[in-house]
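Notes for the one structure printed next.
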Amino acid sequence: MNNEMPWWASETFWKKTAIWVTAFMFVVLVILTLDTIPQITAGSERVPAYAVINKHIGYEFNDERNMQVPVIGGDAPLFGKKLSEEDAEALVSHGKKITQGRNCMGCHTLLGNGSYFAPDLTKAWLDPGWSSEPEREALMIAFLMNPEENARSFGSGRVMPNLHISEEEAKAVIAFLKWMSSIDTNGFPYNFTVIDKES
Amino acid sequence: MKLNHLNGGQQLAVKYYTVAIILFVAQIIFGLLSGMQYLVPDLLLGVLDFNVTRTIHINAMIVWMLYGFMGSVYWLLEEESKTEIVGLKLGNIGFWLLTTAVTIVVLVFLLIQSGPGDDFTRWFINEGREYIEAPRWADIGIVICMLIFFYNAAATFMKGTWSGISGVLVLDLVALAGIYIAGMFYTPNISIDQYWWWWVIHLWVEATWEVLVGCLMAWGLMKTLKVDRKIVTTWLYIEVALMFGSGILGLGHHYFWIGTPEYWLTIGGFFSALEPIPLVAMVVHAVYDAGARQMKGNNNPALAWLIAHAFGNFFGAGVWGFMHTLPQINLYTHGTQWSASHGHLAFFGAYATIIIAMIYIAVPYIRGQEGIGSNLPDGGWKWKWSLGLLNLGVVGMTIALLISGYEQSFIERAVGGSTWYGYFAAQIHPWFVQGMEWRMIFGLVTAVGLVLLIWDLLTIGKQKQA
């Protein structure tokens, strides 16, 4: 009888395997990252340029992909003001910085990531809770500036605290939310109902 | 407390362990507050809003676990390298630097809470990105402290002797420190932001942290059960191969819905589904070794917590992760209480348990004893009850959150289409509310377990053994 340890049970075999597997997987991750980053850079097909806030954004079922996808429509400038790509980026960026500074992710999720104490904001711009498209901008500003009095907690008693957001800041946050709603998120959230076009 | 009989690394470890436990207490207090806010929504509204209590809850956890890991590595450093630590002074400076930084960050989170949308806020108040909310100055401080820690570990092993465990450990620390930097930049593009943010979060908790606790497990089994080094080292390599083999590309399960291309659905789904395999290996490893030695160890509390780690890691990280990792179900569960359920059992099962085990390994040495016998004068009721209550509490919270998560996935996501109305329809549903009530009850059980644990750590072995 042969009592020698089989090669596949030896320490050195698994040491080499661990090193090679780790290195290989990391290289694959780097390659995939190099492929992914250009596809999610603002201005790509999946992640539109910031000036998309000048356009109408919808979220419609696509038969070919069998999921809802953002649909960029005709002109619909945010707050009636058409912005250059540069100005749009500055506004969206200001909005994102406000969401970070007020720690919105401490209650909400963005693209599904964050906390679960308040609704997901991925498609907040398209939410039917804002009554209808013509009324949406004014309602959003009022809500962000004074969430306690304009609470929309649907009987849960959960109220967004007053984060002392000015009108200018509210507009920037809304620009960020509008831009975020144009990102192609592979059909997340599923079965979403979009805000009415007319009041 | 006299610590002169301990070696330099161990003296440092005691400091890290002490802060770890203090932050563990903070995690539980703020966790209880956050849980209560689900039941009483206007509790502390405008004073300590949910985003404050929850941020401290999760950050205290991440940081106490880092302290626990650093303490554990410092504890085994001199014994494993067979030489004295190279930078004891530097290690002390690193400890005080980190502790000062953490204190300031917590105070700012509590007292200042938020700031305007400018760069100053991100640098000095709150970065507002889940888990890495700490402002940028603190990020830099953390990296400096990690570098000191890394230098101490690597240089001490270089001066002394290397082993399989220390080799894996040091390489893992390089990755751990390096990956943190991936989260230290600003971009207006939230897809790019979250792409790199996950490098930090996922590659920490689902890759490098797992390998780190694999090293601690290997060392802990040698220490408590006197398992052969050759066997634990071979197991460790197998675990590293399986862990990084599945976990690195398993990162893809966070790239389903953030704007990233569709091929991540396949890659992330496939590789993350394999992530439980190394965790099964660890259960086999721990239970086999314990059985082969007829459960005769020199430190029963530590051994019990190591076994709790093996199972907790497998169920919390493995099974609970697997349950919602495929995109076909994750479309509905992503960002619901499912994630909270998984998070509670995984962080506790994979990390809290093993740090507690490492602290129990240290306790008798701190008191100048060799181990913790099975003949404690009071029958060891405190460690047994704290073990039972902490595990019961966390498992209870996990199940309660899972029930809320099921309900939320169905009513908000599948039926309600994730609108705000759908969200709140799910939040007020009795099944959801009952889940939150039970979570609160089991949260209190966990808190009692923690009080007992601290009492036990402070007193175990102080009386003469019968």
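Ligands are numbered from 1 in the order shown, residues from 1 within each chain, and chains are lettered A, B, ... in the order they appear in the structure tokens.
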Practice task
Just the helix (DSSP H, G or I) stuff from region 262-375 of chain B, please, per backbone DSSP, written as a ChimeraX atom specification.
Solution key: /B:263-274,276-292,300-323,327-333,337-366
Would you kindly return, as an mmCIF file with N, CA and C atoms, in the first residue's frame, each protein, DNA or RNA residue with an atom no farther than 6 Å from any atom of region 235-243 of chain B, considering only C-alpha atoms and excluding same-chain residues fewer than 5 positions away?
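New file selection-v3.cif:
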```cif
data_model
loop_
_atom_site.group_PDB
_atom_site.id
_atom_site.type_symbol
_atom_site.label_atom_id
_atom_site.label_comp_id
_atom_site.auth_asym_id
_atom_site.auth_seq_id
_atom_site.Cartn_x
_atom_site.Cartn_y
_atom_site.Cartn_z
ATOM 1 N N TRP A 14 -1.770 23.747 -2.679
ATOM 2 C CA TRP A 14 -2.829 24.711 -2.396
ATOM 3 C C TRP A 14 -2.285 26.124 -2.268
ATOM 4 N N LYS A 15 -1.031 26.223 -1.840
ATOM 5 C CA LYS A 15 -0.422 27.556 -1.780
ATOM 6 C C LYS A 15 -0.343 28.141 -3.191
ATOM 7 N N ALA A 18 -3.797 28.958 -4.510
ATOM 8 C CA ALA A 18 -4.335 30.194 -3.922
ATOM 9 C C ALA A 18 -3.762 31.417 -4.630
ATOM 10 N N VAL A 21 -5.036 31.527 -8.433
ATOM 11 C CA VAL A 21 -6.467 31.840 -8.538
ATOM 12 C C VAL A 21 -6.702 33.315 -8.204
ATOM 13 N N PRO B 278 -16.352 28.349 0.324
ATOM 14 C CA PRO B 278 -15.256 28.388 1.312
ATOM 15 C C PRO B 278 -15.772 28.408 2.750
#
```
Which residues are near region 258-270 of chain B? Cut-off 7 Å, only C-alpha atoms, ignore same chain within fewer than 5 positions. Put them as a compact mmCIF listing (two decimals) with N, CA and C atoms, in the first residue's frame.
```txt
# COMPACT_ATOMS: atom_id res chain seq x y z
N THR A 36 -16.06 48.29 -18.31
CA THR A 36 -17.28 48.86 -17.73
C THR A 36 -17.21 50.39 -17.61
N ILE A 40 -20.16 53.46 -18.29
CA ILE A 40 -20.95 54.15 -17.27
C ILE A 40 -20.45 55.59 -17.07
N ARG A 46 -25.65 54.18 -21.52
CA ARG A 46 -26.31 53.74 -20.29
C ARG A 46 -26.44 54.87 -19.27
N VAL A 47 -25.44 55.74 -19.24
CA VAL A 47 -25.46 56.85 -18.28
C VAL A 47 -25.39 58.16 -19.08
N LEU A 111 -30.10 54.17 -6.24
CA LEU A 111 -29.83 52.97 -7.05
C LEU A 111 -29.94 51.73 -6.17
N ILE A 183 -30.61 57.03 -15.84
CA ILE A 183 -29.61 55.95 -15.92
C ILE A 183 -30.29 54.62 -16.22
N ASP A 184 -29.70 53.86 -17.12
CA ASP A 184 -30.22 52.53 -17.46
C ASP A 184 -29.81 51.54 -16.37
N THR A 185 -30.77 51.15 -15.53
CA THR A 185 -30.46 50.30 -14.37
C THR A 185 -30.91 48.85 -14.59
N ASN A 186 -30.90 48.39 -15.81
CA ASN A 186 -31.27 47.00 -16.12
C ASN A 186 -32.65 46.63 -15.58
N SER B 191 -23.06 56.43 -10.80
CA SER B 191 -22.73 55.07 -11.23
C SER B 191 -21.25 54.77 -11.00
N LEU B 249 -14.79 38.16 -8.16
CA LEU B 249 -15.78 38.45 -9.19
C LEU B 249 -17.20 38.45 -8.64
N GLY B 250 -17.35 37.89 -7.42
CA GLY B 250 -18.65 37.96 -6.74
C GLY B 250 -19.06 39.41 -6.52
N LEU B 251 -18.07 40.30 -6.55
CA LEU B 251 -18.32 41.74 -6.51
C LEU B 251 -19.42 42.13 -7.50
N GLY B 252 -19.50 41.36 -8.58
CA GLY B 252 -20.49 41.65 -9.62
C GLY B 252 -21.93 41.65 -9.14
N HIS B 253 -22.22 41.02 -7.98
CA HIS B 253 -23.63 41.04 -7.56
C HIS B 253 -24.05 42.42 -7.03
N THR B 325 -28.85 36.49 -3.84
CA THR B 325 -27.75 36.98 -4.67
C THR B 325 -28.02 36.86 -6.16
N LEU B 326 -28.91 35.95 -6.57
CA LEU B 326 -29.14 35.83 -8.02
C LEU B 326 -30.01 37.00 -8.48
N PRO B 327 -29.70 37.59 -9.64
CA PRO B 327 -30.42 38.79 -10.08
C PRO B 327 -31.92 38.56 -10.21
```
Practice task
Would you list the contacts of Ala118 (chain A) as a list of chain:residue names, taking every protein, DNA or RNA residue within 8 Å and counting only C-alpha atoms, but skipping same-chain residues closer than 4 positions in sequence?
Solution key: A:Cys107, A:His108, A:Thr109, B:Tyr423
Selected residues, C-alpha atoms, written as a JSON list (two decimals), in the first residue's frame, please.
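Writing the result to again23.json gives the following:
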```json
[["chain", "number", "residue", "atom", "x", "y", "z"],
["A", 107, "CYS", "CA", -32.42, 57.01, 5.34],
["A", 108, "HIS", "CA", -32.93, 56.54, 1.59],
["A", 109, "THR", "CA", -31.47, 54.24, -1.01],
["B", 423, "TYR", "CA", -42.93, 51.70, -0.27]]
```
Which residues are near Leu212 (chain B)? Cut-off 10 Å, only C-alpha atoms, ignore same chain within fewer than 5 positions. Put them as a PDB file with N, CA and C atoms, in the first residue's frame.
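So selection_33.pdb came out as:
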```
ATOM      1  N   PHE B  69      -9.712  43.383  14.756  1.00  0.00           N
ATOM      2  CA  PHE B  69      -8.738  42.705  13.884  1.00  0.00           C
ATOM      3  C   PHE B  69      -7.322  43.141  14.219  1.00  0.00           C
ATOM      4  N   VAL B  73      -4.295  40.754  15.533  1.00  0.00           N
ATOM      5  CA  VAL B  73      -3.013  40.581  14.851  1.00  0.00           C
ATOM      6  C   VAL B  73      -1.871  40.976  15.782  1.00  0.00           C
ATOM      7  N   ILE B 165       0.563  31.245   7.770  1.00  0.00           N
ATOM      8  CA  ILE B 165      -0.467  32.162   8.268  1.00  0.00           C
ATOM      9  C   ILE B 165      -0.015  33.609   8.113  1.00  0.00           C
ATOM     10  N   VAL B 168      -0.017  34.848   4.387  1.00  0.00           N
ATOM     11  CA  VAL B 168      -1.356  35.190   3.901  1.00  0.00           C
ATOM     12  C   VAL B 168      -1.830  36.491   4.544  1.00  0.00           C
ATOM     13  N   LEU B 169      -1.585  36.585   5.852  1.00  0.00           N
ATOM     14  CA  LEU B 169      -2.043  37.753   6.602  1.00  0.00           C
ATOM     15  C   LEU B 169      -1.464  39.053   6.045  1.00  0.00           C
ATOM     16  N   VAL B 170      -0.156  39.078   5.823  1.00  0.00           N
ATOM     17  CA  VAL B 170       0.488  40.315   5.385  1.00  0.00           C
ATOM     18  C   VAL B 170       0.038  40.691   3.973  1.00  0.00           C
ATOM     19  N   LEU B 171      -0.038  39.695   3.075  1.00  0.00           N
ATOM     20  CA  LEU B 171      -0.516  40.001   1.718  1.00  0.00           C
ATOM     21  C   LEU B 171      -1.953  40.519   1.764  1.00  0.00           C
ATOM     22  N   ASP B 172      -2.735  39.934   2.659  1.00  0.00           N
ATOM     23  CA  ASP B 172      -4.131  40.360   2.786  1.00  0.00           C
ATOM     24  C   ASP B 172      -4.216  41.800   3.292  1.00  0.00           C
ATOM     25  N   LEU B 173      -3.315  42.167   4.199  1.00  0.00           N
ATOM     26  CA  LEU B 173      -3.333  43.537   4.729  1.00  0.00           C
ATOM     27  C   LEU B 173      -2.977  44.556   3.655  1.00  0.00           C
ATOM     28  N   LEU B 176      -6.132  44.997   1.852  1.00  0.00           N
ATOM     29  CA  LEU B 176      -7.114  45.667   2.689  1.00  0.00           C
ATOM     30  C   LEU B 176      -6.877  47.180   2.729  1.00  0.00           C
ATOM     31  N   TRP B 204     -13.720  44.456   0.926  1.00  0.00           N
ATOM     32  CA  TRP B 204     -13.398  44.316   2.351  1.00  0.00           C
ATOM     33  C   TRP B 204     -14.160  43.148   2.945  1.00  0.00           C
ATOM     34  N   VAL B 205     -15.503  43.302   3.024  1.00  0.00           N
ATOM     35  CA  VAL B 205     -16.242  42.352   3.847  1.00  0.00           C
ATOM     36  C   VAL B 205     -16.428  40.995   3.190  1.00  0.00           C
ATOM     37  N   ALA B 207     -14.181  39.662   0.919  1.00  0.00           N
ATOM     38  CA  ALA B 207     -12.927  39.088   0.423  1.00  0.00           C
ATOM     39  C   ALA B 207     -11.818  39.239   1.469  1.00  0.00           C
ATOM     40  N   MET B 217      -8.764  32.321  12.445  1.00  0.00           N
ATOM     41  CA  MET B 217      -9.349  31.009  12.736  1.00  0.00           C
ATOM     42  C   MET B 217      -8.251  29.956  12.781  1.00  0.00           C
ATOM     43  N   ALA B 218      -7.357  29.989  11.798  1.00  0.00           N
ATOM     44  CA  ALA B 218      -6.268  29.010  11.749  1.00  0.00           C
ATOM     45  C   ALA B 218      -5.431  29.100  13.028  1.00  0.00           C
ATOM     46  N   VAL B 240      -8.354  30.419   0.998  1.00  0.00           N
ATOM     47  CA  VAL B 240      -7.990  31.621   0.242  1.00  0.00           C
ATOM     48  C   VAL B 240      -8.325  31.417  -1.237  1.00  0.00           C
ATOM     49  N   TYR B 351     -17.751  38.093  11.792  1.00  0.00           N
ATOM     50  CA  TYR B 351     -16.697  38.942  12.366  1.00  0.00           C
ATOM     51  C   TYR B 351     -16.785  39.155  13.873  1.00  0.00           C
TER      52      TYR B 351
END
```
Give me the residues within 7 Å of Ser153 (chain A) as a short mmCIF file (atom, residue, chain, number, x, y, z; two decimals) with N, CA and C atoms, in the first residue's frame, counting only C-alpha atoms and dropping any in the same chain fewer than 5 places off.
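around-v1.cif, freshly written:
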```cif
data_model
loop_
_atom_site.label_atom_id
_atom_site.label_comp_id
_atom_site.auth_asym_id
_atom_site.auth_seq_id
_atom_site.Cartn_x
_atom_site.Cartn_y
_atom_site.Cartn_z
N ARG A 158 -44.10 58.36 9.37
CA ARG A 158 -42.67 58.63 9.19
C ARG A 158 -42.50 59.92 8.39
N VAL A 159 -41.84 60.89 8.97
CA VAL A 159 -41.72 62.21 8.36
C VAL A 159 -40.25 62.49 8.07
N PHE B 424 -44.54 52.83 1.16
CA PHE B 424 -45.22 53.02 2.44
C PHE B 424 -46.33 51.99 2.65
#
```
Handout entry: Option closest in space to His164 (chain A), from A:Ile98, A:Leu32, A:Met180, A:Ile72 [counting only C-alpha atoms]
Key =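 Checking each candidate against His164 (chain A), we get A:Ile98 as the closest.
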Problem - Near-Gly94 (chain B) list (7 Å; only C-alpha atoms; drop same-chain fewer than 4 positions) as a VMD selection string - result: chain B and resid 90 98 145 148
Given the selection you just returned, output its residues as a file containing C-alpha atoms, formatted as a PDB file, in the first residue's frame.
```
ATOM      1  CA  LEU B  90       4.867  53.639  16.490  1.00  0.00           C
ATOM      2  CA  LEU B  98      -6.818  56.414  15.294  1.00  0.00           C
ATOM      3  CA  CYS B 145      -2.887  54.171  10.822  1.00  0.00           C
ATOM      4  CA  ILE B 148       1.634  51.871  10.556  1.00  0.00           C
TER       5      ILE B 148
END
```
